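Worksheet for the structure shown next.
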Amino acid sequence: MASEEASTLDLTISGTVASLLDSYRRMGIPIQRYVLSILLPAFVFFVVTIGIAVVAPLPISIALPFPLLGLLLFGAAVFYPKVQLSQRRQALNNRFHLMVTHMTVLSTTKIDRMEVFRALAAEDEYGELATEMGRVVELVDTWNLSLDEACARRAKEVPSDAVSDFFDRLAYTMGAGQSLEDYLLSEQDMIIDNYKTVYEGALGNLEVMKDLYLSMILSMTFALVFAVVLPILTGTNPMMTVSAVIVLFIFIQSGFFVAIRSLAPYDPVWYHPEDINSPMDRRINLSFAVGVVLTLVLAAISFGGYAGISPITLNMLLPFFDPVPLAMYAVVPITPLLIPGVVIRQEENQIKARDEEFPSFIRALGSTEGAKQSTTGAVLESLRKKDFGPLSENVDNLYKRLNMRIEPAKAWRHFTAESRSYLIQTFSEMYLVGREMGGSPKQLGELISENMNEVLQLRQQRDQETTTLIGVLYGITAASTFAFFIGLQVVNILSTMSLDLNAGSRMDVGSLINTAVYDIPTIEFLLIIVIVFNALLSSLMIRTTDGGHKLNSYLHFVVLSWLGAIIAIFTKAVVSSVINI
């Protein structure tokens with residue numbers, strides 16, 4: 001049994017080392033240069049930090065962080081190529097399905113297959129995939145390889161298994177004489193299934209990360225409560241223990257946010273055109289300006305009134321509180337950020353509704369255009385009368401622009417800019433390019449509709465995962481805040497009780513209960529910082545998971561902050577009333 005475990009461990013270590021060496025080989029710079037310019041200086045720095053810790057006459061609590069910092073830097077230098085390779089792999093997988101759909105659309109037109117690769121290499125939107133297409137083109141144009149030989153060579157170099165398998169099978173079929181169009185049309189189901197596997201795998205990783213986050217935050221909550229309560233028995237400085245746990249709390253939350261950001265599948269909801277403004281932009285900009293201005297005004301009132309330099313104070317705005325709880329000074333100023341948050345949420349729901357209608361629209365457009373053998377503008381004259389929900393207005397505007405003899409490419413750009421949907425922009429451009437190059441409109445419409453429906457089904461799973469995450473984050477916020485302020489209020493009440501006992505008793509209560517070391521207002525201030533920071537990172541996690549607009553996080557940030565503040569005030573009041581009874 002022991003030998004089997006040892007052999008398994010050896011295989012794991014050898015596999016990790018082989019994977020690390022492979023990542024060094026796939027770097028864009030020679031291994032020797034990386035070792036001399038990065039690894040060697042990092043190792044020298046690590047040795048220097050060990051020397052400082054050993055030679056310098058410093059306490060261990062101060063000397064220990066030096067070698068830890070050096071080890072962290074050296075470890076980052078060792079594993080950076082592997083991290084970079086993982087990022088490349090994720091970048092390839094994220095847009096793979098869109099690139100293959102685009103390639104299929106181009107292959108159904110009358111252009112040469114090499115022009116298909118050149119067109120995709122020029123698409124900056126595809127990022128690393130466009131770079132790979134450019135390398136295939138370079139092998140053909142510069143090194144005079146055939147297209148199938150170039151694809152076979154790149155299949156051995158790309159870090160993504162999906163892309164490597166696609167290039168490998170593409171090289172084999174083209175070498176056997178099959179056309180690019182036939183191959184891509186026959187491979188659509190397999191490619192979409194592979195994309196679904198990768199997408200659902202990412203969602204599964206987020207589920208695991210959510211469970212880990214829940215357990216870690218609950219553990220840190222207990223640690224912070226102990227850091228608040230234990231000094232009353234030990235007599236240690238609670239500011240040091242509370243501050244240390246808060247720093248660790250923030251560090252862990254930040255680490256989980258980075259992890260969730262790296263694991264979440266790339267599937268943005270919004271499209272941000274650079275040169276075309278729409279009425280939606282004006283509403284968003286206006287709501288953002290109003291929210292920020294009101295936030296600054298309330299911040300000036302809150303903190304200016306607290307400092308005694310403002311004629312208007314928070315007590316005037318909240319007369320039902322006497323005095324105003326400290327938590328209100330944190331959450332009242334940020335409340336106007338609800339305005340852009342709500343506006344963005346409404347617009348995002350409209351975008352998702354347009355996404356649901358677009359497959360039906362593009363299928364109907366392609367079928368009718370193919371049957372009537374007429375222009376897009378003529379077909380839209382009848383289609384604009386059909387009900388496509390929130391997309392109907394955009395379809396009508398597209399018809400009007402085409403009817404006014406505006407260039408089709410420009411009319412479609414306005415259509416996608418008004419819809420503000422990433423998927424609609426991507427698939428509309430595919431349809432437009434396919435039509436301009438002589439593709440069959442019926443085939444294009446059906447192909448785009450089927451692929452977009454698959455993506456929308458995956459988005460439904462992502463929305464369910466996001467809803468679960470929202471429930472977990474709101475529950476953690478409520479539970480942790482309740483625990484924080486129970487501990488704080490118990491210490492506060494014990495402090496008051498100890499003063500009363502000392503006044504009427506000969507027993508030295510201070511030797512049993514050390515309340516003199518506490519600065520209750522400062523500790524409460526630190527706990528409120530934890531609540532606000534937790535709300536900030538939680539809102540960013542939600543936004544990262546659902547792929548929505550950045551300003552959408554404002555809504556959850558404000559609501560989570562208010563939830564924490566209300567529970568803090570409620571907990572203090574309940575604990576005081578129960579203990580006083």
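If you're wondering about the labels, chains in the structure tokens are A, B, ... by order shown, residues count from 1 in each chain, ligands from 1 in order shown.
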DSSP on the backbone, helix (DSSP H, G or I) only: what residues of stretch 15-259 of chain A does that give? Format it as a ChimeraX atom specification. /A:15-25,31-55,60-63,65-94,96-107,113-121,124-126,128-141,147-155,161-175,180-229,231-234,238-259
For A:Leu294, list every protein, DNA or RNA residue within 9 Å, evaluated using only C-alpha atoms, and leave out those in the same chain fewer than 2 positions away; present the list as a list in words.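 Listed by chain and then number, they are Ala289, Val290, Gly291, Val292, Leu296, Val297, Leu298, Ala299, Pro333, Ile334, Thr335, Pro336 and Leu337 of chain A.
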Atom CA of A:Thr522 to atom CA of A:Ile301: how many Å, to one decimal?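 That distance, rounded to one decimal, is 21.5 Å.
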Near-A:Ala353 list (8 Å; only C-alpha atoms; drop same-chain fewer than 5 positions) as a ChimeraX atom specification: /A:389-391
Residues as selected, N, CA and C atoms, written as an mmCIF file, in the first residue's frame, can you do that?
data_model
loop_
_atom_site.group_PDB
_atom_site.id
_atom_site.type_symbol
_atom_site.label_atom_id
_atom_site.label_comp_id
_atom_site.auth_asym_id
_atom_site.auth_seq_id
_atom_site.Cartn_x
_atom_site.Cartn_y
_atom_site.Cartn_z
ATOM 1 N N GLY A 389 -40.510 41.373 -29.917
ATOM 2 C CA GLY A 389 -40.322 41.861 -28.556
ATOM 3 C C GLY A 389 -39.496 43.134 -28.515
ATOM 4 N N PRO A 390 -38.547 43.225 -27.571
ATOM 5 C CA PRO A 390 -37.717 44.430 -27.469
ATOM 6 C C PRO A 390 -36.844 44.669 -28.701
ATOM 7 N N LEU A 391 -36.685 43.650 -29.558
ATOM 8 C CA LEU A 391 -35.864 43.807 -30.757
ATOM 9 C C LEU A 391 -36.635 44.463 -31.898
#
Compare A:Leu365, A:Leu85, A:Ile406, A:Leu224 by their minimum atom-to-atom distance to A:Leu21, counting only C-alpha atoms, and give me the closest one. A:Leu85
With distances taken over only C-alpha atoms, the candidate from A:Ile250, A:Ile344, A:Leu469, A:Ile276 nearest A:Phe415 is A:Ile276
Near stretch 373-377 of chain A, counting only C-alpha atoms, which residues have an atom at most 7 Å away, once you skip same-chain residues fewer than 5 positions from it, shown as a PyMOL selection string? chain A and resi 399+402-403
File dump, residues just selected, N, CA and C atoms, as a CSV table (one decimal), in the first residue's frame:
chain,number,residue,atom,x,y,z
A,399,TYR,N,-34.6,48.8,-40.9
A,399,TYR,CA,-35.3,48.9,-42.2
A,399,TYR,C,-35.3,50.4,-42.7
A,402,LEU,N,-31.8,51.2,-44.1
A,402,LEU,CA,-31.6,50.6,-45.4
A,402,LEU,C,-32.5,51.2,-46.5
A,403,ASN,N,-33.7,51.6,-46.1
A,403,ASN,CA,-34.6,52.2,-47.1
A,403,ASN,C,-34.2,53.6,-47.5
Would you mind reading off the distance between atom CA of A:Arg420 and atom CA of A:Gln443, one decimal, in Å?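 Taking atom CA of A:Arg420 as the start and atom CA of A:Gln443 as the end point, the length is 25.4 Å.
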At a cut-off of 12 Å, using only C-alpha atoms, what residues contact A:Lys352? Leave out same-chain residues fewer than 5 positions from it and give the result as a PyMOL selection string. chain A and resi 268-271+345-347+357-358+389-391+419-424+456+459-460+463+546-548
For stretch 570-574 of chain A, please output as a list in words all residues within 7 Å (counting only C-alpha atoms; exclusion window: fewer than 6 positions along the same chain).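 Answer for this query is Phe482, Phe485, Ile486 and Gln489 of chain A.
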Quick one: residues within 12 Å of A:Leu447, only C-alpha atoms, excluding same-chain residues fewer than 5 positions away - as a PyMOL selection string? chain A and resi 98+100-106+108+184-186+188-189+192+359-360+362-363+366-367+427+430-431+434+439-442+452-454
Name the closest residue to A:Ser219 among the candidates A:Val35, A:Ala411, A:Leu527, A:Val245; distances are taken between atoms, counting only C-alpha atoms.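 Among A:Val35, A:Ala411, A:Leu527, A:Val245, it is A:Val245 that comes nearest to A:Ser219.
Distance annotation: of A:Val472, A:Ala565, A:Leu92, A:Met99, the residue with the minimal separation from A:Thr426 is A:Met99; atom set is only C-alpha atoms.
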Figure out the distance between atom CA of A:Pro521 and atom CA of A:Ala568, please, to one decimal in Å.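 We find that atom CA of A:Ala568 and atom CA of A:Pro521 lie 13.5 Å from each other.
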